[in-house]
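This report refers to the structure that appears directly beneath it.
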Amino acid sequence: MRSVIDVPDLSLEEIDRLMDTAEDIIAHPAVYSERCRGKKLATLFFEPSTRTRLSFEAAMYELGGNVLSVTGAGTSSAAKGESVADTAKTVSCYADIIAMRHPKEGAALVAANNASVPVINAGDGGHCHPTQTLADLLTIRREKGRMGNLTVGVCGDLKFGRTVHSLIAAMSRYENLRFVLISPEELKVPSYVKNECLKQKNIPYTQTTDLESVIGDLDILYMTRVQRERFFNEEDYLRLKDSYILTPEKLQKARPDLCVMHPLPRVNEISVAVDDDPRACYFKQVLNGKYMRMALILMLLKEAGRL
Amino acid sequence: MNVDSIRDGIVIDHITAGLGRKLYNLLGLETISVPVALLTNVSSEKLGRKDMIKVDADIPVDFNVIGYVDPGATVNIIRDGQLVEKKQIDMPETLVNVIACKNPRCITSCEQELQQVFRLSNRAKKEYRCLYCETRAAVL
């Protein structure tokens, strides 16, 4: 049974096909509005999530399907000590496909190994969140019209941010890219990510602590939050925190066709005043996430012979 | 120092000096009641110094454990006092229930029934990662 736990579970061709399907859904929503009639998506969310759960549920409803929902470990059989494996086997009896978020890393793989229906990882702790990356990729393709020949800046917490690592890995599969890694010294991209995704593939990249000095070079600016608790001392945090807040003033130096992205939720790393700038794409990203989830649900249900 | 030749069993030879005890423990040899000899820092023409393990009994041995701890080791199978097979052990692609994931956020930390599975992620660096959370196994 095919499941999607991490982005590399999908080939480049499959990702391109998913993006094609998502764009077709956007262009012809009525064609897809009954595709999943009679099918059920179980959303098993064992830790709090608003956007991702709603996005999956909206995706299934827009395909004409139904949703069975579990939110919070406290209200499910997990509270009684049921294993992820048993939960997956049980829910497979009720649903055609499962989207699962769990605080433990690897939980989605355990579910996939035991379910008799496809499982989509909707986030397993700090490990993987593939549908966020799929949303990011569709946003880049729709905003830039291409996946290669781009200068991609990633900014903020590049050490712990799983969305950044996953995006770098996914984008590194395309041609002619350059990365600009913008972060405080304390929060630089881990060396294993640089080695496996950039150095081994001879993808050029630069590292800097100064967003303003490089913003004019970028086609994409992917912002993430710099969190206070990641710093060893308060002094460094206070010194650096404003450097990584995107404001209309900093955007003045950027290209007119820059695409500003953020996995959300935002706290203060992008000024609200930026929202009105046509280069702000982070709410489009949310919408694109729903379309990619629709495309993924369709693909997996078809492969499982359930459509 | 002499250790008598064995009749039926195995000799794990050419173990990198210092890894013999680790291998002895991971193979669970301290828990079995058959004659076992662990020799450390034995002179070796090939390695200078080496460790050796001799097991004088026909017991099942997980060659994957040997390949994980020391892929340069050789295994000699002895029957009726004669060497019947000599194996060069390679690094296994997968390790099952040999080592445990140390990541407290890993699903294996709270679901004890799960098998501990590690996959070879970088042969040159002898690097294994947890199948579930991809945390790197501690260096031996």
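By convention in this document, the chains of the structure tokens carry letters A, B, ... by their order, each chain's residues are numbered from 1, and ligands are numbered from 1 in the order they are shown.
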
Cut-off 10 Å: closest range 281-306 of chain A/range 80-97 of chain A atom pairs per residue, using only C-alpha atoms, as a tab-separated table:
residue	atom	partner	partner_atom	distance
A:Ile297	CA	A:Ile97	CA	7.7
A:Leu300	CA	A:Ile97	CA	8.1
A:Leu301	CA	A:Ile97	CA	7.1
A:Ala304	CA	A:Asp96	CA	9.0
A:Arg306	CA	A:Asp96	CA	7.2

When the cut-off is 10 Å and we count only C-alpha atoms, which residues of chain B are near chain A, given as a list in words?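 Every residue of chain B that passes the 10 Å test is in Asn103, Pro104, Arg105, Cys106, Ile107, Thr108, Ser109, Cys110, Glu111, Gln112, Glu113, Leu114, Cys130, Leu131, Tyr132, Cys133, Glu134 and Thr135 of chain B.
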
So which residues of range 6-239 of chain A fall under strand (DSSP E or B) by DSSP, listed as a PyMOL selection string? chain A and resi 40-45+66-71+97-102+105+119-124+150-155+177-182+205-208+220-223

Output for the residues just chosen: N, CA and C atoms as a short mmCIF file (atom, residue, chain, number, x, y, z; two decimals), in the first residue's frame:
data_model
loop_
_atom_site.label_atom_id
_atom_site.label_comp_id
_atom_site.auth_asym_id
_atom_site.auth_seq_id
_atom_site.Cartn_x
_atom_site.Cartn_y
_atom_site.Cartn_z
N LYS A 40 -14.01 8.16 2.26
CA LYS A 40 -13.82 8.82 3.57
C LYS A 40 -12.33 9.01 3.87
N LEU A 41 -12.02 10.23 4.27
CA LEU A 41 -10.68 10.56 4.77
C LEU A 41 -10.75 10.60 6.29
N ALA A 42 -9.87 9.85 6.96
CA ALA A 42 -9.77 9.96 8.43
C ALA A 42 -8.63 10.91 8.74
N THR A 43 -8.92 11.98 9.47
CA THR A 43 -7.84 12.87 9.91
C THR A 43 -7.56 12.56 11.37
N LEU A 44 -6.40 11.95 11.61
CA LEU A 44 -6.00 11.59 12.98
C LEU A 44 -4.94 12.59 13.42
N PHE A 45 -5.35 13.52 14.23
CA PHE A 45 -4.43 14.56 14.68
C PHE A 45 -4.20 14.43 16.17
N ASN A 66 -16.07 12.48 2.25
CA ASN A 66 -16.42 12.75 3.65
C ASN A 66 -15.20 12.63 4.54
N VAL A 67 -15.34 13.15 5.75
CA VAL A 67 -14.20 13.19 6.68
C VAL A 67 -14.59 12.61 8.02
N LEU A 68 -13.74 11.72 8.54
CA LEU A 68 -13.85 11.25 9.92
C LEU A 68 -12.69 11.88 10.67
N SER A 69 -12.97 12.50 11.79
CA SER A 69 -11.92 13.31 12.41
C SER A 69 -11.65 12.94 13.86
N VAL A 70 -10.39 12.80 14.18
CA VAL A 70 -9.96 12.63 15.58
C VAL A 70 -8.99 13.76 15.87
N THR A 71 -9.26 14.53 16.90
CA THR A 71 -8.33 15.61 17.25
C THR A 71 -7.92 15.48 18.71
N ILE A 97 -8.66 6.45 3.31
CA ILE A 97 -7.34 7.07 3.33
C ILE A 97 -7.19 7.79 4.68
N ILE A 98 -5.94 7.89 5.15
CA ILE A 98 -5.70 8.48 6.48
C ILE A 98 -4.69 9.63 6.33
N ALA A 99 -4.99 10.75 6.98
CA ALA A 99 -3.99 11.82 7.15
C ALA A 99 -3.69 11.89 8.64
N MET A 100 -2.42 11.76 9.01
CA MET A 100 -2.10 11.68 10.44
C MET A 100 -1.03 12.67 10.86
N ARG A 101 -1.29 13.35 11.96
CA ARG A 101 -0.25 14.14 12.63
C ARG A 101 -0.04 13.56 14.01
N HIS A 102 1.23 13.46 14.39
CA HIS A 102 1.55 12.82 15.67
C HIS A 102 2.80 13.50 16.23
N GLU A 105 8.30 11.36 16.23
CA GLU A 105 8.93 11.22 14.92
C GLU A 105 8.89 9.75 14.48
N VAL A 119 -1.63 6.15 3.83
CA VAL A 119 -1.44 7.11 4.93
C VAL A 119 -0.65 8.31 4.40
N ILE A 120 -1.12 9.50 4.70
CA ILE A 120 -0.37 10.71 4.39
C ILE A 120 0.13 11.29 5.70
N ASN A 121 1.43 11.52 5.77
CA ASN A 121 2.01 12.14 6.95
C ASN A 121 1.68 13.63 6.97
N ALA A 122 0.92 14.02 7.98
CA ALA A 122 0.56 15.44 8.11
C ALA A 122 1.45 16.11 9.16
N GLY A 123 2.60 15.51 9.40
CA GLY A 123 3.56 16.06 10.37
C GLY A 123 3.82 15.06 11.48
N ASP A 124 5.08 14.61 11.62
CA ASP A 124 5.42 13.71 12.72
C ASP A 124 6.52 14.36 13.55
N LEU A 150 16.57 29.54 -10.57
CA LEU A 150 16.06 30.44 -9.52
C LEU A 150 17.14 30.65 -8.45
N THR A 151 17.12 31.83 -7.86
CA THR A 151 17.92 32.07 -6.66
C THR A 151 16.97 32.06 -5.47
N VAL A 152 17.16 31.05 -4.61
CA VAL A 152 16.23 30.82 -3.51
C VAL A 152 16.89 31.24 -2.20
N GLY A 153 16.32 32.23 -1.53
CA GLY A 153 16.82 32.63 -0.22
C GLY A 153 15.96 32.00 0.86
N VAL A 154 16.60 31.42 1.87
CA VAL A 154 15.85 30.93 3.03
C VAL A 154 16.40 31.68 4.24
N CYS A 155 15.50 32.15 5.08
CA CYS A 155 15.91 33.10 6.12
C CYS A 155 15.29 32.76 7.46
N LEU A 177 19.91 25.92 -9.87
CA LEU A 177 19.44 26.69 -8.71
C LEU A 177 20.62 27.24 -7.94
N ARG A 178 20.38 28.32 -7.24
CA ARG A 178 21.34 28.87 -6.31
C ARG A 178 20.61 29.11 -4.99
N PHE A 179 21.26 28.80 -3.89
CA PHE A 179 20.64 29.04 -2.58
C PHE A 179 21.41 30.12 -1.82
N VAL A 180 20.67 30.97 -1.15
CA VAL A 180 21.27 31.94 -0.23
C VAL A 180 20.70 31.64 1.15
N LEU A 181 21.57 31.25 2.07
CA LEU A 181 21.15 30.80 3.39
C LEU A 181 21.39 31.93 4.39
N ILE A 182 20.31 32.52 4.89
CA ILE A 182 20.40 33.74 5.70
C ILE A 182 19.96 33.41 7.12
N TYR A 205 25.85 27.78 -3.26
CA TYR A 205 25.11 28.45 -2.17
C TYR A 205 26.04 29.39 -1.44
N THR A 206 25.44 30.40 -0.84
CA THR A 206 26.20 31.31 0.02
C THR A 206 25.49 31.38 1.36
N GLN A 207 26.27 31.67 2.40
CA GLN A 207 25.69 31.82 3.73
C GLN A 207 25.97 33.24 4.21
N THR A 208 24.99 33.84 4.82
CA THR A 208 25.17 35.19 5.32
C THR A 208 24.29 35.40 6.55
N ILE A 220 13.16 34.02 -4.78
CA ILE A 220 12.28 33.50 -3.73
C ILE A 220 12.89 33.90 -2.39
N LEU A 221 12.05 34.33 -1.47
CA LEU A 221 12.52 34.54 -0.09
C LEU A 221 11.60 33.75 0.83
N TYR A 222 12.14 32.69 1.42
CA TYR A 222 11.36 31.81 2.28
C TYR A 222 11.70 32.18 3.73
N MET A 223 10.75 32.79 4.40
CA MET A 223 10.99 33.27 5.77
C MET A 223 10.57 32.22 6.80
#

One-decimal distance in Å that lies between CA of Ser166 in chain A and CA of Thr209 in chain A: 21.0 Å

Write out as a Markdown table a residue-level contact list of range 27-65 of chain B versus range 90-96 of chain B with cut-off 10 Å: for each qualifying residue the closest pair of atoms and the distance in Å to one decimal, counting only C-alpha atoms, rows sorted by chain and residue number upward.
| residue | atom | partner | partner_atom | distance |
| --- | --- | --- | --- | --- |
| B:Phe63 | CA | B:Pro92 | CA | 8.5 |
| B:Asn64 | CA | B:Pro92 | CA | 5.5 |
| B:Val65 | CA | B:Leu95 | CA | 7.6 |

CA of Glu196 in chain A and CA of Met299 in chain A, how far apart in Å?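 Computed distance, CA of Met299 in chain A to CA of Glu196 in chain A, equals 28.6 Å.
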
Spatial neighbours of range 30-32 of chain B, 10 Å, only C-alpha atoms, chain gap at least 5 places, as a list in words: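 Answer for this query is Tyr24, Asn25 and Ile59 of chain B.
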
Store the residues picked out above in a file with C-alpha atoms, as a tab-separated table (two decimals), in the first residue's frame.
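File out.tsv, as written:
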chain	number	residue	atom	x	y	z
B	24	TYR	CA	30.83	-9.67	22.45
B	25	ASN	CA	28.13	-7.63	24.18
B	59	ILE	CA	24.95	-21.54	18.06

What's around range 37-45 of chain B at 12 Å? Count only C-alpha atoms, leave out sequence neighbours fewer than 2 positions away in its own chain, and write the answer as a PDB file with N, CA and C atoms, in the first residue's frame.
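Once written, selection-v7.pdb looks like this:
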ATOM      1  N   MET B   1      49.886 -16.454  25.378  1.00  0.00           N
ATOM      2  CA  MET B   1      48.637 -16.942  25.943  1.00  0.00           C
ATOM      3  C   MET B   1      47.985 -17.925  24.982  1.00  0.00           C
ATOM      4  N   ASN B   2      47.563 -19.062  25.496  1.00  0.00           N
ATOM      5  CA  ASN B   2      46.938 -20.078  24.637  1.00  0.00           C
ATOM      6  C   ASN B   2      45.470 -20.259  25.001  1.00  0.00           C
ATOM      7  N   VAL B   3      44.658 -20.382  23.972  1.00  0.00           N
ATOM      8  CA  VAL B   3      43.270 -20.791  24.168  1.00  0.00           C
ATOM      9  C   VAL B   3      43.095 -22.010  23.283  1.00  0.00           C
ATOM     10  N   ASP B   4      42.577 -23.086  23.894  1.00  0.00           N
ATOM     11  CA  ASP B   4      42.469 -24.342  23.136  1.00  0.00           C
ATOM     12  C   ASP B   4      41.669 -24.163  21.848  1.00  0.00           C
ATOM     13  N   SER B   5      42.028 -24.951  20.854  1.00  0.00           N
ATOM     14  CA  SER B   5      41.269 -24.936  19.603  1.00  0.00           C
ATOM     15  C   SER B   5      39.855 -25.412  19.877  1.00  0.00           C
ATOM     16  N   ILE B   6      38.940 -24.923  19.083  1.00  0.00           N
ATOM     17  CA  ILE B   6      37.551 -25.320  19.306  1.00  0.00           C
ATOM     18  C   ILE B   6      37.190 -26.450  18.355  1.00  0.00           C
ATOM     19  N   GLY B   9      32.080 -24.766  16.193  1.00  0.00           N
ATOM     20  CA  GLY B   9      31.694 -23.408  16.590  1.00  0.00           C
ATOM     21  C   GLY B   9      32.231 -22.389  15.611  1.00  0.00           C
ATOM     22  N   ILE B  10      32.465 -21.184  16.100  1.00  0.00           N
ATOM     23  CA  ILE B  10      32.986 -20.151  15.202  1.00  0.00           C
ATOM     24  C   ILE B  10      34.122 -19.379  15.861  1.00  0.00           C
ATOM     25  N   VAL B  11      34.984 -18.867  15.004  1.00  0.00           N
ATOM     26  CA  VAL B  11      36.044 -17.959  15.455  1.00  0.00           C
ATOM     27  C   VAL B  11      35.851 -16.653  14.678  1.00  0.00           C
ATOM     28  N   ILE B  12      35.637 -15.580  15.430  1.00  0.00           N
ATOM     29  CA  ILE B  12      35.545 -14.268  14.779  1.00  0.00           C
ATOM     30  C   ILE B  12      36.924 -13.637  14.903  1.00  0.00           C
ATOM     31  N   ASP B  13      37.555 -13.486  13.753  1.00  0.00           N
ATOM     32  CA  ASP B  13      38.966 -13.091  13.736  1.00  0.00           C
ATOM     33  C   ASP B  13      39.122 -11.701  13.106  1.00  0.00           C
ATOM     34  N   HIS B  14      40.295 -11.145  13.256  1.00  0.00           N
ATOM     35  CA  HIS B  14      40.641  -9.844  12.672  1.00  0.00           C
ATOM     36  C   HIS B  14      39.686  -8.741  13.107  1.00  0.00           C
ATOM     37  N   ILE B  15      39.258  -8.815  14.363  1.00  0.00           N
ATOM     38  CA  ILE B  15      38.432  -7.731  14.901  1.00  0.00           C
ATOM     39  C   ILE B  15      39.368  -6.583  15.262  1.00  0.00           C
ATOM     40  N   THR B  16      39.023  -5.399  14.829  1.00  0.00           N
ATOM     41  CA  THR B  16      39.846  -4.234  15.168  1.00  0.00           C
ATOM     42  C   THR B  16      40.037  -4.168  16.683  1.00  0.00           C
ATOM     43  N   ALA B  17      41.289  -4.022  17.104  1.00  0.00           N
ATOM     44  CA  ALA B  17      41.571  -3.992  18.541  1.00  0.00           C
ATOM     45  C   ALA B  17      40.718  -2.925  19.217  1.00  0.00           C
ATOM     46  N   GLY B  18      40.048  -3.341  20.285  1.00  0.00           N
ATOM     47  CA  GLY B  18      39.186  -2.405  21.018  1.00  0.00           C
ATOM     48  C   GLY B  18      37.707  -2.627  20.739  1.00  0.00           C
ATOM     49  N   LEU B  19      37.379  -3.336  19.656  1.00  0.00           N
ATOM     50  CA  LEU B  19      35.965  -3.547  19.324  1.00  0.00           C
ATOM     51  C   LEU B  19      35.448  -4.917  19.761  1.00  0.00           C
ATOM     52  N   GLY B  20      36.367  -5.775  20.242  1.00  0.00           N
ATOM     53  CA  GLY B  20      35.976  -7.137  20.604  1.00  0.00           C
ATOM     54  C   GLY B  20      34.908  -7.181  21.687  1.00  0.00           C
ATOM     55  N   ARG B  21      35.092  -6.347  22.711  1.00  0.00           N
ATOM     56  CA  ARG B  21      34.149  -6.380  23.820  1.00  0.00           C
ATOM     57  C   ARG B  21      32.771  -5.879  23.387  1.00  0.00           C
ATOM     58  N   LYS B  22      32.793  -4.849  22.541  1.00  0.00           N
ATOM     59  CA  LYS B  22      31.526  -4.310  22.028  1.00  0.00           C
ATOM     60  C   LYS B  22      30.774  -5.386  21.252  1.00  0.00           C
ATOM     61  N   LEU B  23      31.519  -6.099  20.414  1.00  0.00           N
ATOM     62  CA  LEU B  23      30.910  -7.158  19.608  1.00  0.00           C
ATOM     63  C   LEU B  23      30.399  -8.289  20.505  1.00  0.00           C
ATOM     64  N   TYR B  24      31.199  -8.631  21.489  1.00  0.00           N
ATOM     65  CA  TYR B  24      30.825  -9.673  22.451  1.00  0.00           C
ATOM     66  C   TYR B  24      29.489  -9.322  23.108  1.00  0.00           C
ATOM     67  N   ASN B  25      29.364  -8.057  23.511  1.00  0.00           N
ATOM     68  CA  ASN B  25      28.128  -7.634  24.181  1.00  0.00           C
ATOM     69  C   ASN B  25      26.944  -7.622  23.219  1.00  0.00           C
ATOM     70  N   LEU B  29      26.756 -12.633  23.895  1.00  0.00           N
ATOM     71  CA  LEU B  29      27.509 -13.828  24.281  1.00  0.00           C
ATOM     72  C   LEU B  29      27.641 -13.975  25.798  1.00  0.00           C
ATOM     73  N   GLU B  30      27.428 -12.868  26.518  1.00  0.00           N
ATOM     74  CA  GLU B  30      27.528 -12.969  27.973  1.00  0.00           C
ATOM     75  C   GLU B  30      26.325 -13.702  28.570  1.00  0.00           C
ATOM     76  N   VAL B  34      27.726 -21.363  27.013  1.00  0.00           N
ATOM     77  CA  VAL B  34      28.645 -22.226  26.254  1.00  0.00           C
ATOM     78  C   VAL B  34      30.036 -21.606  26.375  1.00  0.00           C
ATOM     79  N   PRO B  35      31.082 -22.381  26.111  1.00  0.00           N
ATOM     80  CA  PRO B  35      32.434 -21.816  26.240  1.00  0.00           C
ATOM     81  C   PRO B  35      32.691 -20.713  25.209  1.00  0.00           C
ATOM     82  N   LEU B  47      47.159  -6.638  11.238  1.00  0.00           N
ATOM     83  CA  LEU B  47      46.621  -5.439  11.904  1.00  0.00           C
ATOM     84  C   LEU B  47      47.540  -4.871  12.986  1.00  0.00           C
ATOM     85  N   GLY B  48      48.600  -5.565  13.308  1.00  0.00           N
ATOM     86  CA  GLY B  48      49.428  -5.155  14.437  1.00  0.00           C
ATOM     87  C   GLY B  48      48.855  -5.728  15.714  1.00  0.00           C
ATOM     88  N   ARG B  49      47.676  -5.238  16.089  1.00  0.00           N
ATOM     89  CA  ARG B  49      46.924  -5.764  17.241  1.00  0.00           C
ATOM     90  C   ARG B  49      45.510  -6.057  16.780  1.00  0.00           C
ATOM     91  N   LYS B  50      44.921  -7.090  17.333  1.00  0.00           N
ATOM     92  CA  LYS B  50      43.542  -7.418  16.969  1.00  0.00           C
ATOM     93  C   LYS B  50      42.844  -8.062  18.154  1.00  0.00           C
ATOM     94  N   ASP B  51      41.506  -8.108  18.067  1.00  0.00           N
ATOM     95  CA  ASP B  51      40.722  -8.859  19.045  1.00  0.00           C
ATOM     96  C   ASP B  51      40.180 -10.106  18.361  1.00  0.00           C
ATOM     97  N   MET B  52      39.825 -11.113  19.144  1.00  0.00           N
ATOM     98  CA  MET B  52      39.249 -12.362  18.609  1.00  0.00           C
ATOM     99  C   MET B  52      38.168 -12.860  19.546  1.00  0.00           C
ATOM    100  N   ILE B  53      37.197 -13.534  18.980  1.00  0.00           N
ATOM    101  CA  ILE B  53      36.177 -14.207  19.796  1.00  0.00           C
ATOM    102  C   ILE B  53      36.079 -15.644  19.318  1.00  0.00           C
ATOM    103  N   LYS B  54      36.140 -16.574  20.257  1.00  0.00           N
ATOM    104  CA  LYS B  54      35.981 -17.999  19.926  1.00  0.00           C
ATOM    105  C   LYS B  54      34.767 -18.527  20.668  1.00  0.00           C
ATOM    106  N   VAL B  55      33.875 -19.142  19.926  1.00  0.00           N
ATOM    107  CA  VAL B  55      32.672 -19.731  20.529  1.00  0.00           C
ATOM    108  C   VAL B  55      32.713 -21.225  20.244  1.00  0.00           C
ATOM    109  N   ASP B  56      32.824 -22.036  21.313  1.00  0.00           N
ATOM    110  CA  ASP B  56      32.942 -23.485  21.118  1.00  0.00           C
ATOM    111  C   ASP B  56      31.569 -24.140  21.227  1.00  0.00           C
ATOM    112  N   ALA B  57      30.687 -23.769  20.314  1.00  0.00           N
ATOM    113  CA  ALA B  57      29.347 -24.374  20.270  1.00  0.00           C
ATOM    114  C   ALA B  57      28.706 -23.935  18.962  1.00  0.00           C
TER     115      ALA B  57
END

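Residues in contact with Gly145 in chain A at up to 12 Å, not including ones fewer than 3 positions away on its chain and judged by only C-alpha atoms, are Met19, Glu23, Leu137, Leu138, Thr139, Ile140, Arg141, Arg142, Gly148, Asn149, Leu150, Asp219, Asp257 and Cys259 of chain A.
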
Name the residues of range 20-121 of chain B that come out as helix (DSSP H, G or I) in a backbone DSSP run; write them as an MDAnalysis selection string. chainID B and resid 20:26 29:31 63:69 107:109

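One distance worth recording is that between CA of Leu240 in chain A and CA of Lys199 in chain A, which is 28.0 Å.
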
Selection near Arg79 in chain B, 7 Å with only C-alpha atoms, sequence-local residues under 3 positions removed, as a ChimeraX atom specification: /B:7-9,82-84

If we count only C-alpha atoms, what is near range 27-30 of chain A at a cut-off of 9 Å, once residues fewer than 4 positions away on the same chain are taken out, given as JSON, numbers by chain? {"A": [22, 23, 34, 62, 63]}
